[in-house]
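> Below you'll find upload.pdb; it's PDB, C-alpha atoms and all ligand atoms.
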ATOM      1  CA  MET A  81     -17.549   3.528 -14.696
ATOM      2  CA  VAL A  82     -14.616   5.132 -12.827
ATOM      3  CA  LYS A  83     -12.686   2.602 -10.745
ATOM      4  CA  THR A  84     -11.956   3.357  -7.096
ATOM      5  CA  ILE A  85      -8.747   2.335  -5.329
ATOM      6  CA  LEU A  86      -8.305   2.290  -1.567
ATOM      7  CA  VAL A  87      -4.740   3.349  -0.673
ATOM      8  CA  ILE A  88      -3.747   2.213   2.816
ATOM      9  CA  ASN A  89      -0.647   3.368   4.650
ATOM     10  CA  GLY A  90       0.049   1.562   7.898
ATOM     11  CA  PRO A  91       1.947   2.229  11.107
ATOM     12  CA  ASN A  92       4.588   4.951  11.362
ATOM     13  CA  LEU A  93       4.030   6.128   7.791
ATOM     14  CA  ASN A  94       2.389   9.277   9.170
ATOM     15  CA  MET A  95       5.925  10.143  10.351
ATOM     16  CA  LEU A  96       7.479  10.185   6.861
ATOM     17  CA  GLY A  97       9.737  13.207   6.530
ATOM     18  CA  LYS A  98      10.961  12.548  10.066
ATOM     19  CA  ARG A  99      11.863   8.834   9.583
ATOM     20  CA  GLU A 100      15.186   7.585   8.216
ATOM     21  CA  ALA A 101      15.502   9.504   4.924
ATOM     22  CA  GLU A 102      18.088   7.012   3.616
ATOM     23  CA  HIS A 103      15.316   4.385   3.545
ATOM     24  CA  TYR A 104      12.149   6.392   3.029
ATOM     25  CA  GLY A 105      13.203   9.612   1.287
ATOM     26  CA  CYS A 106      12.336  13.152   2.334
ATOM     27  CA  LEU A 107       8.697  13.402   1.288
ATOM     28  CA  THR A 108       5.993  13.563   3.936
ATOM     29  CA  LEU A 109       2.892  11.374   3.736
ATOM     30  CA  SER A 110       0.949  14.448   2.696
ATOM     31  CA  ASP A 111       3.402  15.041  -0.220
ATOM     32  CA  ILE A 112       3.016  11.407  -1.290
ATOM     33  CA  GLU A 113      -0.776  11.582  -1.032
ATOM     34  CA  LYS A 114      -0.796  14.700  -3.233
ATOM     35  CA  MET A 115       1.331  12.846  -5.796
ATOM     36  CA  ILE A 116      -1.061   9.863  -5.699
ATOM     37  CA  ARG A 117      -4.099  12.143  -6.189
ATOM     38  CA  VAL A 118      -2.509  13.871  -9.221
ATOM     39  CA  GLU A 119      -1.462  10.568 -10.819
ATOM     40  CA  ALA A 120      -4.868   9.006 -10.144
ATOM     41  CA  GLU A 121      -6.656  11.959 -11.723
ATOM     42  CA  ASN A 122      -4.392  11.735 -14.793
ATOM     43  CA  ALA A 123      -5.138   8.016 -15.022
ATOM     44  CA  GLY A 124      -8.897   8.542 -14.642
ATOM     45  CA  LEU A 125      -9.007   6.671 -11.327
ATOM     46  CA  ASN A 126     -10.695   7.598  -8.072
ATOM     47  CA  VAL A 127      -8.632   7.150  -4.888
ATOM     48  CA  VAL A 128      -9.586   6.908  -1.222
ATOM     49  CA  LEU A 129      -6.557   7.521   1.004
ATOM     50  CA  MET A 130      -6.136   6.408   4.604
ATOM     51  CA  GLN A 131      -3.371   5.978   7.177
ATOM     52  CA  SER A 132      -3.602   4.175  10.483
ATOM     53  CA  ASN A 133      -1.243   3.003  13.176
ATOM     54  CA  HIS A 134      -3.803   0.397  14.309
ATOM     55  CA  GLU A 135      -4.088  -3.108  12.895
ATOM     56  CA  GLY A 136      -7.824  -3.413  13.676
ATOM     57  CA  GLU A 137      -8.608  -0.116  11.966
ATOM     58  CA  ILE A 138      -6.777  -1.242   8.826
ATOM     59  CA  ILE A 139      -8.768  -4.493   8.879
ATOM     60  CA  ASP A 140     -12.059  -2.571   9.330
ATOM     61  CA  ARG A 141     -11.221  -0.367   6.334
ATOM     62  CA  LEU A 142     -10.392  -3.445   4.255
ATOM     63  CA  HIS A 143     -13.762  -5.001   5.164
ATOM     64  CA  GLY A 144     -15.491  -1.678   4.449
ATOM     65  CA  CYS A 145     -14.137  -1.463   0.924
ATOM     66  CA  MET A 146     -15.922  -4.665  -0.196
ATOM     67  CA  ASN A 147     -18.453  -3.822  -2.941
ATOM     68  CA  ILE A 148     -17.288  -0.179  -2.831
ATOM     69  CA  CYS A 149     -13.721  -0.230  -4.152
ATOM     70  CA  ASP A 150     -12.236  -2.002  -7.163
ATOM     71  CA  GLY A 151      -8.638  -2.370  -5.998
ATOM     72  CA  ILE A 152      -6.269  -1.792  -3.101
ATOM     73  CA  ILE A 153      -2.756  -0.403  -2.716
ATOM     74  CA  ILE A 154      -1.279  -1.165   0.687
ATOM     75  CA  ASN A 155       1.913  -0.249   2.458
ATOM     76  CA  ALA A 156       1.282  -2.103   5.705
ATOM     77  CA  GLY A 157       4.572  -0.905   7.244
ATOM     78  CA  ALA A 158       5.900  -3.387   9.806
ATOM     79  CA  TYR A 159       2.550  -5.243   9.813
ATOM     80  CA  THR A 160       3.693  -6.560   6.427
ATOM     81  CA  HIS A 161       6.062  -8.892   8.225
ATOM     82  CA  THR A 162       3.770 -10.040  11.031
ATOM     83  CA  SER A 163       0.042  -9.553  10.447
ATOM     84  CA  TYR A 164      -1.791 -12.724   9.458
ATOM     85  CA  ALA A 165      -4.965 -10.797  10.322
ATOM     86  CA  ILE A 166      -4.322  -8.184   7.598
ATOM     87  CA  ARG A 167      -3.356 -10.962   5.195
ATOM     88  CA  ASP A 168      -6.666 -12.775   5.912
ATOM     89  CA  ALA A 169      -8.649  -9.538   5.431
ATOM     90  CA  ILE A 170      -7.010  -8.926   2.020
ATOM     91  CA  GLU A 171      -7.764 -12.509   1.041
ATOM     92  CA  LEU A 172     -11.413 -12.272   2.072
ATOM     93  CA  VAL A 173     -12.017  -8.910   0.370
ATOM     94  CA  ALA A 174     -10.668 -10.554  -2.821
ATOM     95  CA  LEU A 175      -9.857  -7.339  -4.697
ATOM     96  CA  PRO A 176      -6.701  -6.911  -6.802
ATOM     97  CA  THR A 177      -4.145  -5.650  -4.291
ATOM     98  CA  VAL A 178      -0.652  -4.246  -4.794
ATOM     99  CA  GLU A 179       1.800  -4.230  -1.888
ATOM    100  CA  VAL A 180       4.117  -1.202  -1.828
ATOM    101  CA  HIS A 181       7.231  -0.419   0.199
ATOM    102  CA  LEU A 182       9.115   2.845  -0.051
ATOM    103  CA  SER A 183      12.412   1.228   0.910
ATOM    104  CA  ASN A 184      14.043  -1.808  -0.660
ATOM    105  CA  VAL A 185      13.118  -4.249   2.093
ATOM    106  CA  TYR A 186      15.451  -6.903   0.598
ATOM    107  CA  ALA A 187      18.475  -4.655   1.164
ATOM    108  CA  ARG A 188      17.607  -4.293   4.861
ATOM    109  CA  GLU A 189      17.321  -6.490   7.959
ATOM    110  CA  THR A 190      16.300 -10.105   7.294
ATOM    111  CA  PHE A 191      13.047  -9.754   9.285
ATOM    112  CA  ARG A 192      11.902  -7.362   6.524
ATOM    113  CA  HIS A 193      12.537  -9.915   3.772
ATOM    114  CA  LYS A 194       9.402 -11.861   4.659
ATOM    115  CA  SER A 195       5.985 -10.473   3.739
ATOM    116  CA  VAL A 196       3.012 -12.431   5.069
ATOM    117  CA  ILE A 197       0.655 -10.425   2.837
ATOM    118  CA  ALA A 198       2.525 -10.925  -0.477
ATOM    119  CA  PRO A 199       0.909 -14.323  -1.242
ATOM    120  CA  VAL A 200      -2.570 -12.722  -1.343
ATOM    121  CA  CYS A 201      -1.466  -9.694  -3.418
ATOM    122  CA  LEU A 202      -1.168  -9.334  -7.193
ATOM    123  CA  GLY A 203       2.414  -8.257  -6.695
ATOM    124  CA  GLN A 204       4.858  -6.239  -4.648
ATOM    125  CA  ILE A 205       6.826  -3.045  -5.353
ATOM    126  CA  SER A 206       9.774  -2.349  -3.077
ATOM    127  CA  GLY A 207      12.452   0.344  -3.091
ATOM    128  CA  LEU A 208      11.021   2.854  -5.569
ATOM    129  CA  ARG A 209      10.135   5.334  -2.818
ATOM    130  CA  ALA A 210       6.997   7.336  -3.653
ATOM    131  CA  TYR A 211       7.096   6.175  -7.284
ATOM    132  CA  GLY A 212       6.055   2.748  -5.991
ATOM    133  CA  TYR A 213       2.521   4.081  -5.444
ATOM    134  CA  VAL A 214       2.484   5.559  -8.958
ATOM    135  CA  ALA A 215       3.631   2.231 -10.424
ATOM    136  CA  ALA A 216       0.945   0.450  -8.388
ATOM    137  CA  LEU A 217      -1.752   2.768  -9.806
ATOM    138  CA  GLY A 218      -0.501   1.993 -13.339
ATOM    139  CA  ALA A 219      -0.538  -1.742 -12.673
ATOM    140  CA  LEU A 220      -4.096  -1.641 -11.302
ATOM    141  CA  LYS A 221      -5.271   0.486 -14.256
ATOM    142  CA  ALA A 222      -3.820  -2.104 -16.660
ATOM    143  CA  TYR A 223      -5.412  -4.890 -14.628
ATOM    144  CA  PHE A 224      -8.840  -3.202 -14.751
ATOM    145  CA  GLU A 225      -8.548  -2.716 -18.522
ATOM    146  CA  LYS A 226      -7.351  -6.222 -19.373
ATOM    147  CA  GLY A 227      -8.709  -8.291 -16.479
ATOM    148  CA  GLU A 228      -5.168  -9.581 -15.988
ATOM    149  CA  LEU A 229      -1.553  -8.385 -16.156
TER     150      LEU A 229
HETATM  151  C1  LIG B   1       8.088  -0.101   4.875
HETATM  152  C2  LIG B   1       9.102  -1.201   5.190
HETATM  153  C3  LIG B   1       8.764  -1.865   6.517
HETATM  154  O1  LIG B   1       9.715  -2.874   6.803
HETATM  155  C4  LIG B   1       8.790  -0.838   7.633
HETATM  156  O2  LIG B   1       8.431  -1.436   8.860
HETATM  157  C5  LIG B   1       7.957   0.350   7.346
HETATM  158  C6  LIG B   1       7.977   0.916   6.004
HETATM  159  C7  LIG B   1       8.492   0.690   3.598
HETATM  160  O3  LIG B   1       7.638   1.418   3.100
HETATM  161  O4  LIG B   1       9.626   0.588   3.157
HETATM  162  O5  LIG B   1       7.331   0.916   8.228
HETATM  163  O6  LIG B   1       6.829  -0.692   4.638
END
Render the structure in this file as C-alpha cells.

Amino acid sequence: MVKTILVINGPNLNMLGKREAEHYGCLTLSDIEKMIRVEAENAGLNVVLMQSNHEGEIIDRLHGCMNICDGIIINAGAYTHTSYAIRDAIELVALPTVEVHLSNVYARETFRHKSVIAPVCLGQISGLRAYGYVAALGALKAYFEKGEL
C-alpha cells in the first residue's frame, strides 16, 4: 500500500523567491513543491501539498489527515515558535511528523531557537534549504519500512 505524506508549508512561505535569499535560497514554493513531487515519486510515496498563512486552516488540515495520511512534513514558518495550537493538533493526529526549516534557525535570532512543535515531532531538519524536505521524505520512508528510525 502506497504511503501518503501531507506536506504543510505555513505563513509567508508562499513568498519564497521574494523573501531573504540569504536565509531561504532563491527557489519559489512552486519550485520546491516540484522537487518534492519528483523525489516522492522516485521514493514510491504519495504526497499531498498545502500552504496556508492561517493557523486555523493548518490545524483543520492536520485534523483532516487523520486516517487518510501516514505521515506529515511541516514547515510551520513563524508558527513554529509560537503555536501551541499547531503543536496540540500534531500531537492528537499522532502521525510520524518531521519538522523542516529552510534556514538554519539556530544561526538566527534567539526567538527562532525555540520550537514549540519539536517535542511532538520525530525530528527536525534546519538549514538544508529545499533539501530539508527531501531528507524528511527519506526519513519517513525509512520509518514506514522499519517502524522506527
Ligand atoms: C522558517 C524559519 C522561521 O523562523 C521563519 O519564521 C519562517 C521560515 C524556515 O523555513 O527557515 O517563516 O520556518
> Could the centre and edge lengths of an axis-aligned box, enclosing all atoms of ligand LIG 1 (chain B) in the file with 3 Å extra on each side, be given in Å to one decimal as AutoDock Vina command-line options?

--center_x 8.3 --center_y -0.7 --center_z 6.0 --size_x 8.9 --size_y 10.3 --size_z 11.8
> So which residues are near ligand LIG 1 (chain B), meaning at most 7 Å away with all atoms listed in the file counted, given back as a VMD selection string?
chain A and resid 91 to 93 103 to 104 155 to 158 160 180 to 185 192 206 to 207
> When the PyMOL selection byres (((chain A and resi 123) around 12) and not hetatm) is applied to the structure above, which residues does it catch, written out as a list in words?
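Checking the PyMOL selection byres (((chain A and resi 123) around 12) and not hetatm) against this file, the residues are Val82, Lys83, Thr84, Ile85, Ile116, Arg117, Val118, Glu119, Ala120, Glu121, Asn122, Gly124, Leu125, Asn126, Val127, Val214, Ala215, Ala216, Leu217, Gly218, Ala219, Leu220, Lys221, Ala222, Phe224 and Glu225 of chain A.
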> Which residues are near Ile153 of chain A? Cut-off 7 Å, only C-alpha atoms, ignore same chain within fewer than 3 positions. Put them as a PyMOL selection string.
chain A and resi 86-88+177-180+216
> For His143 of chain A, please output as a ChimeraX atom specification all residues within 10 Å (counting only C-alpha atoms; exclusion window: fewer than 6 positions along the same chain).
/A:137,169-170,172-173
> I'd like to see the residues matched by the PyMOL selection byres (((chain A and resi 132) around 6) and not hetatm) on this file, and ideally I'd get them as a PDB file with C-alpha atoms, in the coordinates of the input.

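The resulting file, out_36.pdb, is reproduced below:
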ATOM      1  CA  GLY A  90       0.049   1.562   7.898  1.00  0.00           C
ATOM      2  CA  PRO A  91       1.947   2.229  11.107  1.00  0.00           C
ATOM      3  CA  GLN A 131      -3.371   5.978   7.177  1.00  0.00           C
ATOM      4  CA  ASN A 133      -1.243   3.003  13.176  1.00  0.00           C
ATOM      5  CA  HIS A 134      -3.803   0.397  14.309  1.00  0.00           C
TER       6      HIS A 134
END
> In Å to one decimal, how far is atom CA of Val196 of chain A from atom CA of Arg167 of chain A?
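Between atom CA of Arg167 of chain A and atom CA of Val196 of chain A the gap is 6.5 Å.
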> Calculated over only C-alpha atoms, which of the candidates A:Leu107, A:Tyr186, A:Leu96, A:Asn89 has the smallest distance to Ile154 of chain A?
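Closest residue, counting only C-alpha atoms: A:Asn89.
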> Rounded to one decimal in Å, what is the spacing between atom CA of Met115 of chain A and atom CA of Asp168 of chain A?
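Pair atom CA of Met115 of chain A / atom CA of Asp168 of chain A returns 29.3 Å.
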> Using all atoms listed in the file, which residue out of A:His161, A:Arg141, A:Arg99, A:Lys114 lies closest to Ser195 of chain A?
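Among A:His161, A:Arg141, A:Arg99, A:Lys114, it is A:His161 that comes nearest to Ser195 of chain A.
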> Taking into account all atoms listed in the file, which residue in the set A:Gly227, A:Tyr213, A:Ile138, A:Ile166 is nearest to Pro199 of chain A?
A:Ile166
> Provide the atom CA of Gly105 of chain A to atom CA of Tyr211 of chain A distance in Å, to one decimal place.
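One can read the atom CA of Gly105 of chain A to atom CA of Tyr211 of chain A distance as 11.1 Å.
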> Which of these, A:Ile139, A:Ile112, A:Leu129, A:Ile205, has the shortest distance to Tyr164 of chain A once you count all atoms listed in the file?
A:Ile139
> Out of A:Gly203, A:Gly97, A:Gly144, A:Gly136, which residue has the shortest atom-to-atom distance to Tyr223 of chain A when counting all atoms listed in the file?
A:Gly203
